[in-house]
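Enquirer: Quick one: the structure is below, and I'll ask about it shortly.
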Amino acid sequence: QITLLHGSHRVGKRSDAAMEKWRGYGLGQFIHWGLYAIPGGAWNGKQYNGAAEWIRSWNGIPKSTYDSLNYSFNPTAFDAKAWAKTARQMGAKYVTFTTKHHDGFCLWPSKYTKYTVKNSPYKKDIVKAVVDAYDQEGIDVILYFSVMDWNHPDWRYDLKTKEDSIAFERFKKFTRNQLIELLTNYPTVKGLWFDGTWDKSWVKQAAFADELETEMRKLRPGLIIGSRFRADENGKRHFDSNGVLMGDYEQGWERKIPAKIEDVHGNDWDCVMTVPENQWGYNAAWNGHIKTGNELIEMTARCVSMGGNFVLNFGPKGDGSIRQEEIKLATEIGDWMKINQEAIYNCEYAGYEKQDWGYFTKKSGTDKIYMVVFNVPVSAALRIKTPPKTIIKKAYLLADTQEVFSPEEISGDEYFLHLKKREQSKPFVIVLETAKAEKGNGTKYEKAKI
Ligand SMILES: Cc1ccc([C@@H]2N[C@@H](C)[C@@H](O)[C@H]2O)cc1
């Protein structure tokens with residue numbers, strides 16, 4: 001353990017109500033929307049394969065041309081209520097919404113720069129419309145904010161000269177002003193999702209960022225901030241120099257999911273995921289593998305089974321409408337969630353050994369276990385290894401028939417559930433009502449002595 005002034009200020013998970021609620025979300029929606037949705041990954045007939053929200057850096061569009069896209073931003077089809085209804089239909093419990101991406105364009109009328117929605121034909125406050133619409137749907141809002149800001153004249157990638165440092169001091173004030181402005185304008189938001197914090201200029205601001213995080217938490221008690229916001233005084237990010245998680249949850253799972261429970265180190269975490277391989281902003285041409293509803297349902301179950309939240313990205317078009325492929329996925333996921341949401345919401349890592357047929361989740365604060373089944377084996381027997389001294393009182397299908405199973409005990413703390421051959425086109429959930437064995441080991445078998 002080394003002494004740190006600006007490392008993590010907490011070991012272990014937060015136990016307050018705001019974080020408990022966040023921990024139980026299970027499924028969230030990410031929305032990437034901004035000027036990049038206007039070109040939609042192409043310019044002058046040329047399609048760029050990189051992520052569409054990064055088109056400004058692909059040198060396809062002259063920077064000045066991209067930067068003046070605010071003058072053509074007029075999303076006539078934008079309807080935050082419709083977005084919130086789609087999220088509701090999908091079963092998302094929270095939304096993470098881009099207030100400002102790397103290009104620096106602000107979707108709220110910030111007082112601290114002209115580069116905002118106010119100086120566009122649209123004029124109105126989009127962040128407010130989104131916050132109000134999602135609040136009305138009972139879906140919590142977290143605001144995405146990119147520290148890196150390609151538009152601001154004082155942004156620097158590193159601090160090499162005195163002039164750089166003088167400029168970056170102005171940039172730090174600007175960043176703090178915008179964050180306090182967001183938390184003041186939109187007091188119902190539950191957290192901030194930071195991005196664009198990997199460059200040396202910001203990594204060198206351990207003391208400033210630490211102080212700013214403290215100030216934001218004081219302004220908004222219960223505010224949820226992930227591990228990507230700030231580095232410690234040794235430049236360590238996500239985990240400080242003592243290996244302790246920075247912030248309230250690990251924000252490292254971007255377009256990837258932990259392979260096993262050990263990889264999450266007992267922390268809270270979210271996984272943010274694109275539908276194509278790598279497009280956050282709207283790209284008119286979705287190329288390569290487009291994830292299906294079943295894949296995304298499986299990713300949701302897999303994240304919840306390891307104690308995380310799965311956050312699926314939507315990239316609305318330049319006119320503000322959501323593309324049909326995303327509407328279709330939201331509907332498919334939502335139809336599954338309507339039937340099986342009990343196995344996802346307010347659930348956590350069950351502590352059961354992972355089996356090939358799918359994922360275990362556990363209803364927080366109870367002994368209720370869910371088996372989210374994706375792969376029925378040719379034997380149609382689902383293997384369950386229970387933790388020691390656990391007995392299975394009941395096992396039944398969560399949905400439709402509520403078919404009851406009688407687990408066959410095949411060895412110490414090991415059971416088979418025998419399924420009837422049935423047509424499966426969607427994953428399904430089996431509920432295990434368990435209890436601690438009052439006496440003995442909860443099994444009629446004894447373990448081998450070795
Ligand atoms: C190398 C890289 C930098 C930033 C990103 C941004 N983080 C995601 C959440 C999107 O906002 C993407 O633009 C992705 C990759």
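Scheme for the structure tokens: letters A, B, ... for chains in order shown; per-chain residue numbers from 1; ligand numbers from 1 in order shown.
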Output the neighbourhood of ligand 1 as a VMD selection string, that is, all protein and nucleic acid residues with some atom at most 9 Å from the ligand, counting only C-alpha atoms and all ligand atoms.

Expert: chain A and resid 30 32 51 to 54 98 101 to 102 144 146 193 to 196 198 254 to 255 272 to 274 278 to 281 313

Enquirer: What's the 10 Å shell around stretch 329-341 of chain A, counting only C-alpha atoms, without same-chain residues fewer than 3 positions away, as an MDAnalysis selection string?

Expert: chainID A and resid 26:27 29 86:92 275 291:297 300 312 314 324:326 344:347 370 372 398:400 426:430

Enquirer: Save the residues we just selected, N, CA, C and O atoms, as a short mmCIF file (atom, residue, chain, number, x, y, z; two decimals), in the first residue's frame?

Expert:
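result.cif written:
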```cif
data_model
loop_
_atom_site.label_atom_id
_atom_site.label_comp_id
_atom_site.auth_asym_id
_atom_site.auth_seq_id
_atom_site.Cartn_x
_atom_site.Cartn_y
_atom_site.Cartn_z
N GLY A 26 -29.65 -3.72 -14.31
CA GLY A 26 -29.57 -4.86 -15.23
C GLY A 26 -29.40 -4.43 -16.68
O GLY A 26 -28.38 -4.73 -17.31
N LEU A 27 -30.38 -3.72 -17.22
CA LEU A 27 -30.37 -3.38 -18.65
C LEU A 27 -30.55 -1.87 -18.82
O LEU A 27 -31.44 -1.26 -18.22
N GLN A 29 -29.91 1.71 -21.70
CA GLN A 29 -29.79 2.18 -23.09
C GLN A 29 -28.72 3.26 -23.12
O GLN A 29 -28.67 4.10 -22.22
N THR A 86 -39.40 3.90 -26.57
CA THR A 86 -38.63 2.78 -27.12
C THR A 86 -37.80 2.13 -26.02
O THR A 86 -37.73 0.91 -25.90
N ALA A 87 -37.22 2.98 -25.18
CA ALA A 87 -36.40 2.45 -24.07
C ALA A 87 -37.28 1.66 -23.11
O ALA A 87 -36.92 0.58 -22.65
N ARG A 88 -38.46 2.17 -22.86
CA ARG A 88 -39.41 1.50 -21.96
C ARG A 88 -39.81 0.16 -22.54
O ARG A 88 -39.86 -0.86 -21.87
N GLN A 89 -40.04 0.18 -23.85
CA GLN A 89 -40.47 -1.04 -24.56
C GLN A 89 -39.37 -2.10 -24.48
O GLN A 89 -39.64 -3.28 -24.36
N MET A 90 -38.10 -1.63 -24.48
CA MET A 90 -36.98 -2.59 -24.43
C MET A 90 -36.80 -3.15 -23.02
O MET A 90 -36.25 -4.22 -22.83
N GLY A 91 -37.27 -2.37 -22.04
CA GLY A 91 -37.09 -2.79 -20.65
C GLY A 91 -35.85 -2.18 -20.03
O GLY A 91 -35.34 -2.66 -19.03
N ALA A 92 -35.35 -1.07 -20.65
CA ALA A 92 -34.18 -0.39 -20.08
C ALA A 92 -34.59 0.34 -18.81
O ALA A 92 -35.64 0.98 -18.77
N VAL A 275 -24.45 -2.20 -31.52
CA VAL A 275 -25.15 -3.24 -32.27
C VAL A 275 -24.25 -3.76 -33.41
O VAL A 275 -24.04 -4.97 -33.51
N LYS A 291 -25.44 -7.54 -34.37
CA LYS A 291 -25.88 -8.45 -33.31
C LYS A 291 -27.39 -8.66 -33.36
O LYS A 291 -28.15 -7.73 -33.61
N THR A 292 -27.80 -9.90 -33.11
CA THR A 292 -29.24 -10.23 -33.15
C THR A 292 -29.84 -10.02 -31.76
O THR A 292 -29.12 -9.88 -30.77
N GLY A 293 -31.16 -10.08 -31.71
CA GLY A 293 -31.86 -9.96 -30.42
C GLY A 293 -31.41 -11.02 -29.46
O GLY A 293 -31.09 -10.72 -28.30
N ASN A 294 -31.30 -12.27 -29.93
CA ASN A 294 -30.88 -13.36 -29.03
C ASN A 294 -29.46 -13.13 -28.49
O ASN A 294 -29.19 -13.36 -27.32
N GLU A 295 -28.57 -12.62 -29.35
CA GLU A 295 -27.21 -12.34 -28.89
C GLU A 295 -27.23 -11.29 -27.79
O GLU A 295 -26.54 -11.38 -26.78
N LEU A 296 -28.06 -10.26 -28.00
CA LEU A 296 -28.09 -9.15 -27.04
C LEU A 296 -28.78 -9.57 -25.74
O LEU A 296 -28.38 -9.15 -24.65
N ILE A 297 -29.78 -10.45 -25.85
CA ILE A 297 -30.42 -10.99 -24.63
C ILE A 297 -29.39 -11.81 -23.86
O ILE A 297 -29.26 -11.69 -22.64
N THR A 300 -27.00 -9.57 -22.08
CA THR A 300 -27.65 -9.00 -20.89
C THR A 300 -27.59 -9.99 -19.73
O THR A 300 -27.14 -9.66 -18.63
N LEU A 312 -27.07 -1.05 -23.91
CA LEU A 312 -27.07 -1.21 -25.37
C LEU A 312 -27.19 0.14 -26.06
O LEU A 312 -28.06 0.95 -25.73
N PHE A 314 -27.84 3.05 -28.92
CA PHE A 314 -28.67 3.47 -30.04
C PHE A 314 -28.03 4.71 -30.64
O PHE A 314 -27.54 5.58 -29.91
N GLN A 324 -34.93 1.77 -37.98
CA GLN A 324 -35.82 0.62 -37.85
C GLN A 324 -35.13 -0.59 -37.22
O GLN A 324 -35.73 -1.28 -36.37
N GLU A 325 -33.87 -0.83 -37.59
CA GLU A 325 -33.17 -2.01 -37.03
C GLU A 325 -33.11 -1.93 -35.51
O GLU A 325 -33.25 -2.92 -34.81
N GLU A 326 -32.92 -0.71 -35.00
CA GLU A 326 -32.81 -0.55 -33.54
C GLU A 326 -34.18 -0.69 -32.88
O GLU A 326 -34.33 -1.28 -31.81
N ILE A 344 -33.58 -10.65 -14.32
CA ILE A 344 -32.61 -9.62 -14.71
C ILE A 344 -32.60 -8.44 -13.73
O ILE A 344 -31.53 -8.04 -13.25
N TYR A 345 -33.75 -7.90 -13.43
CA TYR A 345 -33.81 -6.71 -12.56
C TYR A 345 -33.46 -7.06 -11.11
O TYR A 345 -33.90 -8.09 -10.60
N ASN A 346 -32.68 -6.22 -10.45
CA ASN A 346 -32.32 -6.42 -9.03
C ASN A 346 -31.78 -7.82 -8.79
O ASN A 346 -32.09 -8.46 -7.80
N CYS A 347 -30.97 -8.28 -9.76
CA CYS A 347 -30.32 -9.58 -9.60
C CYS A 347 -28.80 -9.41 -9.55
O CYS A 347 -28.29 -8.35 -9.93
N TYR A 370 -32.13 -17.87 -10.49
CA TYR A 370 -32.71 -18.02 -11.83
C TYR A 370 -31.68 -18.69 -12.73
O TYR A 370 -30.49 -18.37 -12.66
N VAL A 372 -30.95 -18.88 -16.54
CA VAL A 372 -31.32 -18.33 -17.84
C VAL A 372 -30.69 -19.26 -18.89
O VAL A 372 -29.47 -19.26 -19.09
N LEU A 398 -40.25 -20.22 -15.16
CA LEU A 398 -40.75 -18.90 -14.79
C LEU A 398 -41.97 -18.55 -15.63
O LEU A 398 -42.94 -17.99 -15.14
N ALA A 399 -41.93 -18.92 -16.92
CA ALA A 399 -42.97 -18.42 -17.82
C ALA A 399 -43.96 -19.51 -18.18
O ALA A 399 -43.80 -20.67 -17.82
N ASP A 400 -44.90 -19.16 -18.93
CA ASP A 400 -46.00 -19.96 -19.47
C ASP A 400 -46.36 -21.18 -18.61
O ASP A 400 -46.91 -21.01 -17.53
N LYS A 426 -36.35 -19.27 -28.15
CA LYS A 426 -35.90 -18.14 -27.32
C LYS A 426 -35.33 -18.71 -26.03
O LYS A 426 -35.73 -19.80 -25.59
N PRO A 427 -34.40 -18.00 -25.42
CA PRO A 427 -33.92 -18.44 -24.10
C PRO A 427 -35.08 -18.43 -23.11
O PRO A 427 -36.05 -17.70 -23.29
N PHE A 428 -34.98 -19.29 -22.10
CA PHE A 428 -36.06 -19.35 -21.11
C PHE A 428 -35.46 -19.43 -19.71
O PHE A 428 -34.26 -19.66 -19.56
N VAL A 429 -36.31 -19.20 -18.70
CA VAL A 429 -35.81 -19.11 -17.31
C VAL A 429 -36.46 -20.16 -16.42
O VAL A 429 -37.67 -20.38 -16.49
N ILE A 430 -35.63 -20.81 -15.64
CA ILE A 430 -36.10 -21.74 -14.61
C ILE A 430 -35.78 -21.12 -13.26
O ILE A 430 -34.68 -20.59 -13.05
#
```

Enquirer: Quick one: pick out all helix (DSSP H, G or I) residues within stretch 19-218 of chain A from a backbone DSSP run and write them as a PyMOL selection string.

Expert: chain A and resi 19-23+35-37+52-58+63-72+80-90+117-119+126-136+162-185+200-203+206-218

Enquirer: Can I get the selection written as an mmCIF file, in the first residue's frame, with C-alpha atoms?

Expert:
```
data_model
loop_
_atom_site.group_PDB
_atom_site.id
_atom_site.type_symbol
_atom_site.label_atom_id
_atom_site.label_comp_id
_atom_site.auth_asym_id
_atom_site.auth_seq_id
_atom_site.Cartn_x
_atom_site.Cartn_y
_atom_site.Cartn_z
ATOM 1 C CA MET A 19 -25.959 2.804 -5.826
ATOM 2 C CA GLU A 20 -28.152 -0.137 -4.793
ATOM 3 C CA LYS A 21 -30.678 1.078 -7.367
ATOM 4 C CA TRP A 22 -27.967 1.426 -10.031
ATOM 5 C CA ARG A 23 -26.691 -2.083 -9.216
ATOM 6 C CA LEU A 35 -23.458 16.447 -35.388
ATOM 7 C CA TYR A 36 -21.777 13.186 -36.492
ATOM 8 C CA ALA A 37 -25.285 11.776 -37.127
ATOM 9 C CA ALA A 52 -19.186 7.274 -37.305
ATOM 10 C CA GLU A 53 -18.890 9.598 -34.302
ATOM 11 C CA TRP A 54 -15.178 9.868 -35.051
ATOM 12 C CA ILE A 55 -15.615 10.892 -38.705
ATOM 13 C CA ARG A 56 -14.094 14.320 -37.956
ATOM 14 C CA SER A 57 -10.777 12.580 -37.314
ATOM 15 C CA TRP A 58 -10.882 10.374 -40.444
ATOM 16 C CA LYS A 63 -12.300 19.971 -40.037
ATOM 17 C CA SER A 64 -13.788 23.423 -40.620
ATOM 18 C CA THR A 65 -16.596 21.889 -42.669
ATOM 19 C CA TYR A 66 -17.369 19.366 -39.926
ATOM 20 C CA ASP A 67 -17.188 22.059 -37.253
ATOM 21 C CA SER A 68 -19.797 24.163 -39.043
ATOM 22 C CA LEU A 69 -22.292 21.297 -39.168
ATOM 23 C CA ASN A 70 -24.031 22.963 -36.211
ATOM 24 C CA TYR A 71 -25.480 25.405 -38.727
ATOM 25 C CA SER A 72 -27.272 22.537 -40.455
ATOM 26 C CA ALA A 80 -37.582 12.536 -26.828
ATOM 27 C CA LYS A 81 -40.881 11.022 -25.697
ATOM 28 C CA ALA A 82 -40.709 8.522 -28.563
ATOM 29 C CA TRP A 83 -37.117 7.659 -27.595
ATOM 30 C CA ALA A 84 -38.176 7.134 -23.991
ATOM 31 C CA LYS A 85 -41.068 4.902 -25.095
ATOM 32 C CA THR A 86 -38.628 2.776 -27.119
ATOM 33 C CA ALA A 87 -36.402 2.451 -24.073
ATOM 34 C CA ARG A 88 -39.413 1.505 -21.960
ATOM 35 C CA GLN A 89 -40.469 -1.038 -24.556
ATOM 36 C CA MET A 90 -36.979 -2.586 -24.428
ATOM 37 C CA VAL A 117 -27.528 23.524 -29.946
ATOM 38 C CA LYS A 118 -28.574 27.127 -29.277
ATOM 39 C CA ASN A 119 -26.431 28.172 -32.262
ATOM 40 C CA ILE A 126 -32.107 18.613 -26.250
ATOM 41 C CA VAL A 127 -30.619 17.425 -22.957
ATOM 42 C CA LYS A 128 -33.588 18.873 -21.100
ATOM 43 C CA ALA A 129 -36.054 17.240 -23.484
ATOM 44 C CA VAL A 130 -34.359 13.859 -22.980
ATOM 45 C CA VAL A 131 -34.091 14.180 -19.182
ATOM 46 C CA ASP A 132 -37.759 15.209 -18.877
ATOM 47 C CA ALA A 133 -39.048 12.501 -21.232
ATOM 48 C CA TYR A 134 -37.095 9.694 -19.562
ATOM 49 C CA ASP A 135 -37.975 10.955 -16.079
ATOM 50 C CA GLN A 136 -41.632 10.791 -17.106
ATOM 51 C CA LYS A 162 4.151 26.967 -20.864
ATOM 52 C CA GLU A 163 1.551 28.158 -23.358
ATOM 53 C CA ASP A 164 -0.013 24.683 -23.297
ATOM 54 C CA SER A 165 -0.304 24.842 -19.526
ATOM 55 C CA ILE A 166 -1.795 28.335 -19.552
ATOM 56 C CA ALA A 167 -4.343 27.279 -22.175
ATOM 57 C CA PHE A 168 -5.151 24.066 -20.323
ATOM 58 C CA GLU A 169 -5.793 25.964 -17.094
ATOM 59 C CA ARG A 170 -8.527 27.806 -19.008
ATOM 60 C CA PHE A 171 -9.758 24.467 -20.346
ATOM 61 C CA LYS A 172 -9.967 22.974 -16.852
ATOM 62 C CA LYS A 173 -12.107 25.941 -15.685
ATOM 63 C CA PHE A 174 -14.306 25.524 -18.769
ATOM 64 C CA THR A 175 -14.738 21.799 -18.055
ATOM 65 C CA ARG A 176 -15.626 22.399 -14.420
ATOM 66 C CA ASN A 177 -18.084 25.143 -15.428
ATOM 67 C CA GLN A 178 -19.850 22.853 -17.875
ATOM 68 C CA LEU A 179 -20.110 19.984 -15.383
ATOM 69 C CA ILE A 180 -21.494 22.195 -12.618
ATOM 70 C CA GLU A 181 -23.864 23.681 -15.224
ATOM 71 C CA LEU A 182 -25.125 20.205 -16.223
ATOM 72 C CA LEU A 183 -25.674 19.129 -12.609
ATOM 73 C CA THR A 184 -27.426 22.433 -11.865
ATOM 74 C CA ASN A 185 -29.626 22.490 -14.986
ATOM 75 C CA LYS A 200 -1.735 13.014 -20.903
ATOM 76 C CA SER A 201 -3.047 16.549 -20.444
ATOM 77 C CA TRP A 202 -5.962 15.276 -18.367
ATOM 78 C CA VAL A 203 -4.142 12.353 -16.749
ATOM 79 C CA ALA A 206 -5.037 14.175 -10.606
ATOM 80 C CA ALA A 207 -5.485 16.855 -7.916
ATOM 81 C CA PHE A 208 -7.855 19.012 -9.986
ATOM 82 C CA ALA A 209 -9.995 16.075 -11.111
ATOM 83 C CA ASP A 210 -10.113 14.659 -7.572
ATOM 84 C CA GLU A 211 -11.256 18.020 -6.223
ATOM 85 C CA LEU A 212 -13.807 18.373 -9.030
ATOM 86 C CA GLU A 213 -15.197 14.885 -8.369
ATOM 87 C CA THR A 214 -15.554 15.755 -4.679
ATOM 88 C CA GLU A 215 -17.292 19.026 -5.571
ATOM 89 C CA MET A 216 -19.753 17.271 -7.913
ATOM 90 C CA ARG A 217 -20.567 14.623 -5.296
ATOM 91 C CA LYS A 218 -21.202 17.372 -2.743
#
```

Enquirer: Between atom CA of A:Trp108 and atom CA of A:Tyr282, what is the spacing in Å?

Expert: 19.5 Å

Enquirer: At a cut-off of 10 Å, using only C-alpha atoms, what residues contact A:Ile142? Leave out same-chain residues fewer than 6 positions from it and give the result as a PyMOL selection string.

Expert: chain A and resi 30+94-99+131+188-193+223-225

Enquirer: Can you write just those residues out, N, CA and C atoms, as a PDB file, in the first residue's frame?

Expert:
```pdb
ATOM      1  N   PHE A  30     -27.850   3.223 -24.135  1.00  0.00           N
ATOM      2  CA  PHE A  30     -26.895   4.298 -24.392  1.00  0.00           C
ATOM      3  C   PHE A  30     -27.445   5.017 -25.623  1.00  0.00           C
ATOM      4  N   TYR A  94     -32.330   2.458 -17.305  1.00  0.00           N
ATOM      5  CA  TYR A  94     -31.655   3.760 -17.326  1.00  0.00           C
ATOM      6  C   TYR A  94     -31.109   4.034 -18.715  1.00  0.00           C
ATOM      7  N   VAL A  95     -30.845   5.313 -18.963  1.00  0.00           N
ATOM      8  CA  VAL A  95     -30.278   5.734 -20.250  1.00  0.00           C
ATOM      9  C   VAL A  95     -29.032   6.566 -19.970  1.00  0.00           C
ATOM     10  N   THR A  96     -28.003   6.364 -20.785  1.00  0.00           N
ATOM     11  CA  THR A  96     -26.798   7.189 -20.724  1.00  0.00           C
ATOM     12  C   THR A  96     -26.784   8.009 -22.009  1.00  0.00           C
ATOM     13  N   PHE A  97     -26.852   9.347 -21.884  1.00  0.00           N
ATOM     14  CA  PHE A  97     -27.072  10.196 -23.061  1.00  0.00           C
ATOM     15  C   PHE A  97     -25.930  11.184 -23.284  1.00  0.00           C
ATOM     16  N   THR A  98     -25.441  11.264 -24.538  1.00  0.00           N
ATOM     17  CA  THR A  98     -24.313  12.145 -24.873  1.00  0.00           C
ATOM     18  C   THR A  98     -24.719  13.624 -24.814  1.00  0.00           C
ATOM     19  N   THR A  99     -24.187  14.317 -23.806  1.00  0.00           N
ATOM     20  CA  THR A  99     -24.404  15.768 -23.747  1.00  0.00           C
ATOM     21  C   THR A  99     -23.411  16.460 -24.681  1.00  0.00           C
ATOM     22  N   VAL A 131     -33.965  14.399 -20.639  1.00  0.00           N
ATOM     23  CA  VAL A 131     -34.091  14.180 -19.182  1.00  0.00           C
ATOM     24  C   VAL A 131     -35.564  14.165 -18.782  1.00  0.00           C
ATOM     25  N   THR A 188     -32.118  16.075 -11.724  1.00  0.00           N
ATOM     26  CA  THR A 188     -32.624  14.708 -11.476  1.00  0.00           C
ATOM     27  C   THR A 188     -31.666  13.637 -12.007  1.00  0.00           C
ATOM     28  N   VAL A 189     -30.618  14.023 -12.732  1.00  0.00           N
ATOM     29  CA  VAL A 189     -29.738  12.986 -13.296  1.00  0.00           C
ATOM     30  C   VAL A 189     -29.024  12.243 -12.172  1.00  0.00           C
ATOM     31  N   LYS A 190     -28.829  10.932 -12.409  1.00  0.00           N
ATOM     32  CA  LYS A 190     -28.317  10.061 -11.337  1.00  0.00           C
ATOM     33  C   LYS A 190     -26.800   9.875 -11.396  1.00  0.00           C
ATOM     34  N   GLY A 191     -26.209  10.276 -12.550  1.00  0.00           N
ATOM     35  CA  GLY A 191     -24.767  10.063 -12.643  1.00  0.00           C
ATOM     36  C   GLY A 191     -24.182  10.688 -13.890  1.00  0.00           C
ATOM     37  N   LEU A 192     -22.849  10.597 -13.975  1.00  0.00           N
ATOM     38  CA  LEU A 192     -22.114  11.097 -15.148  1.00  0.00           C
ATOM     39  C   LEU A 192     -21.245   9.963 -15.681  1.00  0.00           C
ATOM     40  N   TRP A 193     -21.275   9.784 -17.001  1.00  0.00           N
ATOM     41  CA  TRP A 193     -20.469   8.749 -17.655  1.00  0.00           C
ATOM     42  C   TRP A 193     -19.375   9.471 -18.447  1.00  0.00           C
ATOM     43  N   LEU A 223     -24.563  10.977  -6.393  1.00  0.00           N
ATOM     44  CA  LEU A 223     -24.152  10.965  -7.808  1.00  0.00           C
ATOM     45  C   LEU A 223     -23.257   9.767  -8.095  1.00  0.00           C
ATOM     46  N   ILE A 224     -23.451   9.166  -9.260  1.00  0.00           N
ATOM     47  CA  ILE A 224     -22.692   7.957  -9.607  1.00  0.00           C
ATOM     48  C   ILE A 224     -21.696   8.293 -10.720  1.00  0.00           C
ATOM     49  N   ILE A 225     -20.405   8.069 -10.425  1.00  0.00           N
ATOM     50  CA  ILE A 225     -19.320   8.395 -11.357  1.00  0.00           C
ATOM     51  C   ILE A 225     -18.438   7.161 -11.504  1.00  0.00           C
TER      52      ILE A 225
END
```

Enquirer: Would you mind reading off the distance between atom CA of A:Asp319 and atom CA of A:Ala77, one decimal, in Å?

Expert: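 Atom-to-atom, atom CA of A:Asp319 to atom CA of A:Ala77, that is 5.2 Å.
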
Enquirer: So that I can check the secondary structure, give me every residue of stretch 123-358 of chain A assigned strand (DSSP E) by backbone DSSP, as number ranges by chain.

Expert: A: 140-146, 191-195, 224-225, 250-254, 269-273, 308-314, 347-348, 358

Enquirer: Which residues come within 10 Å of A:Ser406, counting only C-alpha atoms, excluding same-chain residues fewer than 2 positions away, as a list in words?

Expert: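 That gives Ile392, Lys393, Lys394, Ala395, Tyr396, Val404, Glu408, Glu409, Tyr415, Phe416, Leu417 and His418 of chain A.
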
Enquirer: Quick one: residues within 12 Å of A:Glu414, only C-alpha atoms counted, chain neighbours fewer than 6 positions away excluded, as a PyMOL selection string?

Expert: chain A and resi 352-353+355+382-392+407-408+442-447

Enquirer: Please save C-alpha atoms of the selected residues as a PDB file, in the first residue's frame.

Expert:
```
ATOM      1  CA  TYR A 352     -22.991 -21.058  -8.618  1.00  0.00           C
ATOM      2  CA  GLU A 353     -20.413 -22.688 -10.890  1.00  0.00           C
ATOM      3  CA  GLN A 355     -22.603 -24.275 -16.638  1.00  0.00           C
ATOM      4  CA  LEU A 382     -29.302 -29.240 -17.015  1.00  0.00           C
ATOM      5  CA  ARG A 383     -26.469 -29.668 -14.521  1.00  0.00           C
ATOM      6  CA  ILE A 384     -26.551 -27.637 -11.291  1.00  0.00           C
ATOM      7  CA  LYS A 385     -23.771 -27.526  -8.730  1.00  0.00           C
ATOM      8  CA  THR A 386     -25.073 -25.798  -5.607  1.00  0.00           C
ATOM      9  CA  PRO A 387     -22.918 -24.042  -3.036  1.00  0.00           C
ATOM     10  CA  PRO A 388     -22.377 -26.134   0.116  1.00  0.00           C
ATOM     11  CA  LYS A 389     -25.332 -26.663   2.477  1.00  0.00           C
ATOM     12  CA  THR A 390     -27.841 -25.469  -0.103  1.00  0.00           C
ATOM     13  CA  ILE A 391     -31.036 -27.377  -0.775  1.00  0.00           C
ATOM     14  CA  ILE A 392     -33.354 -26.877  -3.753  1.00  0.00           C
ATOM     15  CA  PRO A 407     -34.144 -32.198  -9.461  1.00  0.00           C
ATOM     16  CA  GLU A 408     -32.282 -35.519  -9.556  1.00  0.00           C
ATOM     17  CA  GLY A 442     -27.976 -30.695   2.364  1.00  0.00           C
ATOM     18  CA  THR A 443     -27.013 -33.730   0.309  1.00  0.00           C
ATOM     19  CA  LYS A 444     -27.354 -37.486   0.765  1.00  0.00           C
ATOM     20  CA  TYR A 445     -23.935 -38.070  -0.795  1.00  0.00           C
ATOM     21  CA  GLU A 446     -20.542 -37.673   0.784  1.00  0.00           C
ATOM     22  CA  LYS A 447     -17.565 -36.115  -0.897  1.00  0.00           C
TER      23      LYS A 447
END
```

Enquirer: Using only C-alpha atoms, find the one residue out of A:Tyr359, A:Tyr122, A:Trp155, A:Tyr249 that sits nearest to A:Pro109.

Expert: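 Counting only C-alpha atoms, the residue closest to A:Pro109 is A:Tyr122.
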
Enquirer: For A:Gly358, which residue out of A:Lys449, A:Arg422, A:Arg302, A:Lys236 is the nearest one, using only C-alpha atoms?

Expert: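 Comparing A:Lys449, A:Arg422, A:Arg302, A:Lys236 against A:Gly358, the winner is A:Arg302.
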
Enquirer: I'd like to know which of A:Tyr157, A:Phe239, A:Phe105, A:Tyr115 is closest to A:Ser227, using only C-alpha atoms.

Expert: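 Of A:Tyr157, A:Phe239, A:Phe105, A:Tyr115, the one nearest A:Ser227, counting only C-alpha atoms, is A:Phe239.
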
Enquirer: With distances taken over only C-alpha atoms, which of A:Asp356, A:Glu433, A:Glu277, A:Asp232 is nearest to A:Gly7?

Expert: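 When distances to A:Gly7 are compared using only C-alpha atoms, the smallest one comes from A:Asp232.
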
Enquirer: With distances taken over only C-alpha atoms, which residue among A:Thr113, A:Thr197, A:Gln205, A:Asn287 lies nearest A:Arg228?

Expert: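 Closest residue, counting only C-alpha atoms: A:Thr197.
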
Enquirer: Between A:Thr434, A:Asn267, A:Ser120, A:Thr161, which residue has the minimum interatomic distance to A:Lys362, considering only C-alpha atoms?

Expert: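 Closest to A:Lys362 of all the choices is A:Thr434.
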